[in-house]
Amino acid sequence: MTHEERVPVQTTGNNMSSYEEARSHFDWKQVEQTFSWHHTGKVNAAYEAIDRHVEAGKGNKTALIYSDAVREERYTFLQLKEKSNQFGNVLRKLGVSKGDRVFVFMPRTPELYVSVLGTIKIGAIIGPLFEAFMEAAVKDRLENSEAVALVTTPALLERVPVDALPHLKHIILVGAVGELVEGYYSFEEEMSQASSDLDIEWVDREDPMIIHYTSGSTGKPKGVLHVHNAMIQHYQTGKWVLDLQDDDIYWCTADPGWVTGTSYGIFAPWLNGVTNVVRGGRFSPDDWYQTLEKYKVTVWYSAPTAFRMLMSAGESVVKKYDLSSVRHVLSVGEPLNPEVVRWGLKTYGKRIHDNWWMTETGGILISNYPQMEIKPGSMGKPFPGIHAAIIDDEGNELPPYTMGNLAIRTPWPSMMRQIWKNPEKYQEYFRIPGWYVSGDSAYMDEDGYFWFQGRLDDVINTSGERVGPFEVESKLVEHHAVAEAGVIGKPDAIRGEIIKAFIALREGYEPSEELKEEIRQFVKTRLAAHAAPREIEFRDKLPKTRSGKIMRRVLKAWELGLPTGDLSTMED
Ligand code: WTA
């Protein structure tokens with residue numbers, strides 16, 4: 001296993017002198033000194049992201065460029081400061097206070113960003129929900145977090161089972177028309193009445209800031225909690241990985257319903273005082289290239305599935321646009337095929353910088369840096385200040401080219417601090433003393449580059465979105481025709497993996513294409529479109545352990561035509 005291929009440095013980067021030097025001198029405490037709070041101890045990440053720049057005289061600088069099919073708007077740092085202040089006052093008026101959970105469930109719009117910032121400013125905990133979630137997914141998350149307020153739209157409200165959520169007292173509707181009953185408020189009206197001066201809630205750096213629900217291989221989605229202190233990592237990775245500078249126009253294509261859309265779609269760019277582009281609506285190659293061209297984007301952070309889709313759209317689409325503003329391109333969320341890196345070089349003339357992290361890690365931990373040669377297929381090297389290693393199950397660090405658990409020495413600034421109301425789940429990640437165990441397997445080469453190998457559990461990564469098979473299986477068995485269901489990730493050239501369900505039908509039901517489609521729609525309309533199985537296969541019986549657990553490992557082996565391995569725990 002040697003990796004001969006190298007992509008040489010193109011630009012040396014702006015903020016980091018050299019990787020080795022940055023690593024040898026690195027101290028998180030020095031990063032803190034960028035912020036005024038390092039001596040007061042009290043902090044608010046939304047203040048640091050927005051208000052601080054206004055105080056530094058950058059109030060008139062564009063903070064947000066928003067566009068979708070019908071809107072195109074720009075907001076300065078001063079405007080975002082005032083709007084988020086107003087929203088903070090709206091929440092306060094409703095009695096929302098520090099530590100309360102406030103959720104946003106809406107499309108990517110300026111109102112979403114204002115809501116996130118305003119919530120954080122009053123010390124409440126923000127919980128972003130992906131707009132594609134359907135009722136069951138919304139309910140699980142609002143129930144577990146005991147959210148007291150929700151910002152949503154009239155259209156999405158249909159998917160919020162308000163009556164089944166006793167803690168949810170306030171619903172703030174963006175774009176509501178007509179009279180609203182008690183407990184429901186118009187975002188626009190409340191905002192217009194709210195003062196743009198706000199008494200910011202100064203909190204401790206270890207106070208909670210944001211909850212992201214994410215999937216594991218078992219159980220319901222887990223609420224991964226991050227604290228204000230994470231901003232240190234967002235800020236510094238923004239500098240050294242995204243290579244952000246003052247005059248950059250930055251575009252992160254991720255939705256804030258996923259962690260990349262907050263850590264790198266909100267915090268990293270704004271903590272660095274950079275102009276942030278948000279494009280609403282769905283993916284389309286023309287639309288995306290137009291966005292790069294029109295706003296003269298300089299730094300572009302996206303994901304392998306998107307790059308693969310752009311690749312399959314072909315070079316002729318690329319040629320229609322002037323992409324010369326683009327200086328730095330990055331990718332995260334799933335393995336970035338060497339082929340895509342080569343294509344990026346050929347077509348954009350740019351290196352695509354892969355990096356690795358997780359919802360739980362809060363920020364980038366392993367990356368390719370502008371100053372470094374890229375080895376296509378590798379996720380790069382640990383961020384300065386981060387000790388990553390491949391370890392065995394006892395915590396011994398393994399030598400180069402040995403596959404094992406990808407693990408990180410604890411702690412680091414943006415490490416999750418809790419799984420909401422589930423301390424046992426939290427502890428599982430830290431079961432090997434001194435280490436965070438990621439659940440990914442990888443190896444390191446002799447130059448210290450890390451190479452992703454796969455998940456060690458059954459979590460599915462489809463188009464870069466994490467889906468727990470258990471959530472999908474639970475929904476499938478609610479369908480009247482389904483007796484048993486087992487769900488796996490099936491390798492796919494574009495999406496990385498697609499969701500495949502193996503289903504045993506109840507008596508009296510016959511397999512048919514119509515039934516497949518009905519079951520697919522059932523999951524799509526009740527859980528989420530991205531969680532619906534693209535493929536369904538009916539089987540008379542599913543492989544189970546003697547205790548009745550479906551053996552996904554065997555399903556996967558069937559699918560891939562591989563040996564099924566040890567079947568001693570299987571029933572019959
Ligand atoms: C996978 C997204 C290969 C990995 C920020 C991880 C990757 C999971 C990479 C986290 C990469 C992330 N190469 N695989 N560069 N980056 N992954 O929580 O399996 O949505 O554990 O966070 O995505 O997904 P999550």
# chains A, B, ... in the order shown; residues from 1 in each chain; ligands from 1
call {"tool": "select_by_dssp", "arguments": {"residues": "segment 243-482 of chain A", "states": "strand (DSSP E or B)", "output": "number ranges by chain"}}
result
A: 249-252, 275-279, 299-302, 328-332, 352-356, 366-367, 374, 380-382, 388-391, 397, 404-409, 418-419, 435-444, 450-455, 460-462, 465-467, 482
call {"tool": "residues_around", "arguments": {"residues": "Val274 of chain A", "least_positions_apart": "5", "cutoff": "9 Å", "atoms": "only C-alpha atoms", "output": "ChimeraX atom specification"}}
result
/A:61-64,244-250,268-269
call {"tool": "residues_near_ligand", "arguments": {"ligand": "ligand 1", "cutoff": "6 Å", "atoms": "only C-alpha atoms and all ligand atoms", "output": "VMD selection string"}}
result
chain A and resid 260 332 to 335 354 to 359 379 440 452 455 465 to 466
call {"tool": "write_last_selection", "arguments": {"atoms": "C-alpha atoms", "output": "tab-separated table (two decimals), in the first residue's frame"}}
result
chain	number	residue	atom	x	y	z
A	260	THR	CA	-21.32	21.48	8.37
A	332	VAL	CA	-16.17	16.93	3.59
A	333	GLY	CA	-18.68	14.33	4.71
A	334	GLU	CA	-17.79	11.17	2.83
A	335	PRO	CA	-14.81	9.67	1.05
A	354	ASP	CA	-10.57	16.84	1.63
A	355	ASN	CA	-11.07	17.04	5.37
A	356	TRP	CA	-12.54	14.82	8.05
A	357	TRP	CA	-14.68	15.44	11.10
A	358	MET	CA	-18.06	14.51	12.57
A	359	THR	CA	-21.11	16.05	14.21
A	379	MET	CA	-8.17	12.97	4.29
A	440	ASP	CA	-14.57	5.12	11.62
A	452	PHE	CA	-10.46	6.49	5.51
A	455	ARG	CA	-17.61	2.86	9.32
A	465	GLU	CA	-26.06	12.61	5.08
A	466	ARG	CA	-25.94	10.31	8.08
call {"tool": "closest_atom_pairs", "arguments": {"of": "segment 461-521 of chain A", "to": "segment 220-228 of chain A", "cutoff": "12 Å", "atoms": "only C-alpha atoms", "output": "Markdown table"}}
result
| residue | atom | partner | partner_atom | distance |
| --- | --- | --- | --- | --- |
| A:Arg466 | CA | A:Pro221 | CA | 10.3 |
| A:Val467 | CA | A:Pro221 | CA | 9.1 |
| A:Gly468 | CA | A:Pro221 | CA | 7.5 |
| A:Pro469 | CA | A:Lys220 | CA | 9.9 |
| A:Phe470 | CA | A:Lys220 | CA | 7.4 |
| A:Glu471 | CA | A:Lys220 | CA | 6.4 |
| A:Val472 | CA | A:Lys220 | CA | 10.2 |
| A:Glu473 | CA | A:Lys220 | CA | 11.2 |
| A:Ser474 | CA | A:Lys220 | CA | 9.5 |
| A:Lys475 | CA | A:Lys220 | CA | 11.4 |
call {"tool": "atom_distance", "arguments": {"atom1": "atom CA of Phe87 of chain A", "atom2": "atom CA of Met209 of chain A"}}
result
16.1 Å
call {"tool": "closest_residue", "arguments": {"among": "A:Glu293, A:Asp540, A:Glu21, A:Asp492", "to": "Leu505 of chain A", "atoms": "only C-alpha atoms"}}
result
A:Asp540
call {"tool": "residues_around", "arguments": {"residues": "Glu20 of chain A", "least_positions_apart": "5", "cutoff": "12 Å", "atoms": "only C-alpha atoms", "output": "list in words"}}
result
His25, Phe26, Tyr369, Gln371, Met372, Lys381, Pro382, Phe383, Pro384, Gly385, Asp447 and Gly448 of chain A
call {"tool": "atom_distance", "arguments": {"atom1": "atom CA of Pro370 of chain A", "atom2": "atom CA of His353 of chain A"}}
result
7.9 Å
call {"tool": "closest_residue", "arguments": {"among": "A:Leu198, A:Ala254, A:Ile122, A:Ile374", "to": "Asn85 of chain A", "atoms": "only C-alpha atoms"}}
result
A:Leu198
call {"tool": "select_by_dssp", "arguments": {"residues": "segment 217-310 of chain A", "states": "alpha helix (DSSP H)", "output": "PyMOL selection string"}}
result
chain A and resi 231-240+259-262+268-271+285-294+304-310
call {"tool": "closest_residue", "arguments": {"among": "A:Asn368, A:Gly439, A:Glu360, A:Gln233", "to": "Arg417 of chain A", "atoms": "only C-alpha atoms"}}
result
A:Glu360
call {"tool": "atom_distance", "arguments": {"atom1": "atom CA of Val326 of chain A", "atom2": "atom CA of Gly496 of chain A"}}
result
25.8 Å
call {"tool": "closest_residue", "arguments": {"among": "A:Thr214, A:Gln33, A:Thr11, A:Ser325", "to": "Trp420 of chain A", "atoms": "only C-alpha atoms"}}
result
A:Thr214
call {"tool": "residues_around", "arguments": {"residues": "Lys83 of chain A", "least_positions_apart": "5", "cutoff": "10 Å", "atoms": "only C-alpha atoms", "output": "PyMOL selection string"}}
result
chain A and resi 75+77-78+88-89+111+113-115+117-118+191-192+194-197
call {"tool": "residues_around", "arguments": {"residues": "Ile503 of chain A", "least_positions_apart": "3", "cutoff": "12 Å", "atoms": "only C-alpha atoms", "output": "PyMOL selection string"}}
result
chain A and resi 472-473+476-477+479+481-488+500+506+509-511+515-516+519-520+533+535-543+550+555
call {"tool": "closest_atom_pairs", "arguments": {"of": "segment 141-164 of chain A", "to": "segment 91-106 of chain A", "cutoff": "8 Å", "atoms": "only C-alpha atoms", "output": "JSON lines"}}
result
{"residue": "A:Leu142", "atom": "CA", "partner": "A:Phe103", "partner_atom": "CA", "distance": 7.8}
{"residue": "A:Ser145", "atom": "CA", "partner": "A:Arg101", "partner_atom": "CA", "distance": 6.8}
{"residue": "A:Glu146", "atom": "CA", "partner": "A:Arg101", "partner_atom": "CA", "distance": 7.0}
{"residue": "A:Ala147", "atom": "CA", "partner": "A:Arg101", "partner_atom": "CA", "distance": 4.6}
{"residue": "A:Val148", "atom": "CA", "partner": "A:Arg101", "partner_atom": "CA", "distance": 6.0}
{"residue": "A:Ala149", "atom": "CA", "partner": "A:Val102", "partner_atom": "CA", "distance": 4.8}
{"residue": "A:Leu150", "atom": "CA", "partner": "A:Phe103", "partner_atom": "CA", "distance": 4.7}
{"residue": "A:Val151", "atom": "CA", "partner": "A:Val104", "partner_atom": "CA", "distance": 4.7}
{"residue": "A:Thr152", "atom": "CA", "partner": "A:Phe105", "partner_atom": "CA", "distance": 5.0}
{"residue": "A:Thr153", "atom": "CA", "partner": "A:Met106", "partner_atom": "CA", "distance": 6.3}
{"residue": "A:Leu156", "atom": "CA", "partner": "A:Met106", "partner_atom": "CA", "distance": 7.1}
call {"tool": "decode", "arguments": {"residues": "segment 178-212 of chain A", "atoms": "N, CA, C and O atoms", "output": "mmCIF file, in the first residue's frame"}}
result
data_model
loop_
_atom_site.group_PDB
_atom_site.id
_atom_site.type_symbol
_atom_site.label_atom_id
_atom_site.label_comp_id
_atom_site.auth_asym_id
_atom_site.auth_seq_id
_atom_site.Cartn_x
_atom_site.Cartn_y
_atom_site.Cartn_z
ATOM 1 N N GLY A 178 -52.808 36.258 7.940
ATOM 2 C CA GLY A 178 -54.071 36.166 8.676
ATOM 3 C C GLY A 178 -53.875 36.118 10.176
ATOM 4 O O GLY A 178 -52.767 36.247 10.689
ATOM 5 N N GLU A 179 -54.974 35.926 10.863
ATOM 6 C CA GLU A 179 -54.986 35.898 12.322
ATOM 7 C C GLU A 179 -54.334 34.623 12.839
ATOM 8 O O GLU A 179 -54.462 33.567 12.251
ATOM 9 N N LEU A 180 -53.632 34.742 13.954
ATOM 10 C CA LEU A 180 -53.018 33.551 14.540
ATOM 11 C C LEU A 180 -53.606 33.288 15.923
ATOM 12 O O LEU A 180 -53.882 34.221 16.669
ATOM 13 N N VAL A 181 -53.789 32.030 16.245
ATOM 14 C CA VAL A 181 -54.351 31.700 17.557
ATOM 15 C C VAL A 181 -53.251 31.750 18.619
ATOM 16 O O VAL A 181 -52.060 31.879 18.308
ATOM 17 N N GLU A 182 -53.628 31.605 19.850
ATOM 18 C CA GLU A 182 -52.692 31.722 20.972
ATOM 19 C C GLU A 182 -51.532 30.736 20.843
ATOM 20 O O GLU A 182 -51.729 29.572 20.487
ATOM 21 N N GLY A 183 -50.356 31.217 21.152
ATOM 22 C CA GLY A 183 -49.181 30.356 21.068
ATOM 23 C C GLY A 183 -48.495 30.436 19.718
ATOM 24 O O GLY A 183 -47.397 29.938 19.546
ATOM 25 N N TYR A 184 -49.158 31.066 18.752
ATOM 26 C CA TYR A 184 -48.586 31.224 17.409
ATOM 27 C C TYR A 184 -48.296 32.695 17.159
ATOM 28 O O TYR A 184 -49.100 33.552 17.507
ATOM 29 N N TYR A 185 -47.143 32.964 16.575
ATOM 30 C CA TYR A 185 -46.737 34.358 16.365
ATOM 31 C C TYR A 185 -46.221 34.537 14.961
ATOM 32 O O TYR A 185 -45.661 33.615 14.375
ATOM 33 N N SER A 186 -46.403 35.745 14.451
ATOM 34 C CA SER A 186 -45.840 36.067 13.144
ATOM 35 C C SER A 186 -44.418 36.577 13.351
ATOM 36 O O SER A 186 -44.190 37.537 14.090
ATOM 37 N N PHE A 187 -43.472 35.941 12.705
ATOM 38 C CA PHE A 187 -42.062 36.347 12.800
ATOM 39 C C PHE A 187 -41.922 37.820 12.422
ATOM 40 O O PHE A 187 -41.332 38.617 13.155
ATOM 41 N N GLU A 188 -42.517 38.183 11.288
ATOM 42 C CA GLU A 188 -42.346 39.542 10.769
ATOM 43 C C GLU A 188 -42.937 40.573 11.725
ATOM 44 O O GLU A 188 -42.323 41.605 11.995
ATOM 45 N N GLU A 189 -44.126 40.249 12.259
ATOM 46 C CA GLU A 189 -44.783 41.210 13.133
ATOM 47 C C GLU A 189 -44.018 41.369 14.447
ATOM 48 O O GLU A 189 -43.788 42.482 14.917
ATOM 49 N N GLU A 190 -43.627 40.257 15.015
ATOM 50 C CA GLU A 190 -42.885 40.332 16.287
ATOM 51 C C GLU A 190 -41.574 41.077 16.090
ATOM 52 O O GLU A 190 -41.170 41.874 16.939
ATOM 53 N N MET A 191 -40.906 40.799 14.990
ATOM 54 C CA MET A 191 -39.630 41.468 14.715
ATOM 55 C C MET A 191 -39.832 42.973 14.591
ATOM 56 O O MET A 191 -39.040 43.765 15.101
ATOM 57 N N SER A 192 -40.928 43.374 13.923
ATOM 58 C CA SER A 192 -41.123 44.806 13.673
ATOM 59 C C SER A 192 -41.391 45.555 14.980
ATOM 60 O O SER A 192 -41.147 46.751 15.066
ATOM 61 N N GLN A 193 -41.865 44.841 15.979
ATOM 62 C CA GLN A 193 -42.145 45.497 17.264
ATOM 63 C C GLN A 193 -40.972 45.425 18.228
ATOM 64 O O GLN A 193 -40.991 46.054 19.278
ATOM 65 N N ALA A 194 -39.951 44.620 17.881
ATOM 66 C CA ALA A 194 -38.873 44.383 18.851
ATOM 67 C C ALA A 194 -37.760 45.424 18.707
ATOM 68 O O ALA A 194 -37.450 45.872 17.603
ATOM 69 N N SER A 195 -37.176 45.764 19.816
ATOM 70 C CA SER A 195 -36.048 46.713 19.812
ATOM 71 C C SER A 195 -34.815 46.060 19.206
ATOM 72 O O SER A 195 -34.599 44.853 19.327
ATOM 73 N N SER A 196 -33.988 46.882 18.546
ATOM 74 C CA SER A 196 -32.744 46.336 18.008
ATOM 75 C C SER A 196 -31.581 46.494 18.988
ATOM 76 O O SER A 196 -30.428 46.267 18.638
ATOM 77 N N ASP A 197 -31.901 46.907 20.201
ATOM 78 C CA ASP A 197 -30.895 46.878 21.279
ATOM 79 C C ASP A 197 -31.176 45.672 22.146
ATOM 80 O O ASP A 197 -32.323 45.441 22.523
ATOM 81 N N LEU A 198 -30.140 44.937 22.439
ATOM 82 C CA LEU A 198 -30.354 43.731 23.256
ATOM 83 C C LEU A 198 -29.305 43.646 24.347
ATOM 84 O O LEU A 198 -28.126 43.922 24.126
ATOM 85 N N ASP A 199 -29.780 43.265 25.516
ATOM 86 C CA ASP A 199 -28.899 42.957 26.615
ATOM 87 C C ASP A 199 -28.403 41.529 26.395
ATOM 88 O O ASP A 199 -29.097 40.574 26.714
ATOM 89 N N ILE A 200 -27.225 41.378 25.802
ATOM 90 C CA ILE A 200 -26.730 40.033 25.482
ATOM 91 C C ILE A 200 -26.536 39.219 26.756
ATOM 92 O O ILE A 200 -26.109 39.741 27.774
ATOM 93 N N GLU A 201 -26.856 37.959 26.678
ATOM 94 C CA GLU A 201 -26.633 37.067 27.822
ATOM 95 C C GLU A 201 -25.180 36.598 27.775
ATOM 96 O O GLU A 201 -24.784 35.844 26.879
ATOM 97 N N TRP A 202 -24.383 37.076 28.704
ATOM 98 C CA TRP A 202 -22.987 36.619 28.747
ATOM 99 C C TRP A 202 -22.941 35.307 29.496
ATOM 100 O O TRP A 202 -23.432 35.206 30.613
ATOM 101 N N VAL A 203 -22.400 34.302 28.861
ATOM 102 C CA VAL A 203 -22.438 32.954 29.443
ATOM 103 C C VAL A 203 -21.017 32.451 29.688
ATOM 104 O O VAL A 203 -20.040 33.089 29.277
ATOM 105 N N ASP A 204 -20.923 31.332 30.369
ATOM 106 C CA ASP A 204 -19.617 30.703 30.541
ATOM 107 C C ASP A 204 -19.251 29.972 29.264
ATOM 108 O O ASP A 204 -20.126 29.493 28.546
ATOM 109 N N ARG A 205 -17.959 29.850 29.022
ATOM 110 C CA ARG A 205 -17.555 29.216 27.762
ATOM 111 C C ARG A 205 -18.028 27.770 27.659
ATOM 112 O O ARG A 205 -18.204 27.244 26.568
ATOM 113 N N GLU A 206 -18.276 27.145 28.784
ATOM 114 C CA GLU A 206 -18.754 25.755 28.768
ATOM 115 C C GLU A 206 -20.278 25.669 28.758
ATOM 116 O O GLU A 206 -20.845 24.588 28.891
ATOM 117 N N ASP A 207 -20.959 26.797 28.629
ATOM 118 C CA ASP A 207 -22.427 26.745 28.557
ATOM 119 C C ASP A 207 -22.874 26.283 27.170
ATOM 120 O O ASP A 207 -22.260 26.620 26.159
ATOM 121 N N PRO A 208 -23.994 25.524 27.124
ATOM 122 C CA PRO A 208 -24.476 24.955 25.863
ATOM 123 C C PRO A 208 -24.880 26.007 24.839
ATOM 124 O O PRO A 208 -25.390 27.059 25.210
ATOM 125 N N MET A 209 -24.663 25.679 23.578
ATOM 126 C CA MET A 209 -24.972 26.619 22.503
ATOM 127 C C MET A 209 -25.871 25.994 21.434
ATOM 128 O O MET A 209 -26.791 26.616 20.940
ATOM 129 N N ILE A 210 -25.561 24.748 21.057
ATOM 130 C CA ILE A 210 -26.268 24.176 19.901
ATOM 131 C C ILE A 210 -26.413 22.661 20.063
ATOM 132 O O ILE A 210 -25.516 21.991 20.585
ATOM 133 N N ILE A 211 -27.562 22.149 19.639
ATOM 134 C CA ILE A 211 -27.787 20.695 19.592
ATOM 135 C C ILE A 211 -27.993 20.281 18.147
ATOM 136 O O ILE A 211 -28.836 20.854 17.453
ATOM 137 N N HIS A 212 -27.213 19.311 17.711
ATOM 138 C CA HIS A 212 -27.454 18.702 16.400
ATOM 139 C C HIS A 212 -27.855 17.257 16.616
ATOM 140 O O HIS A 212 -27.121 16.499 17.261
#
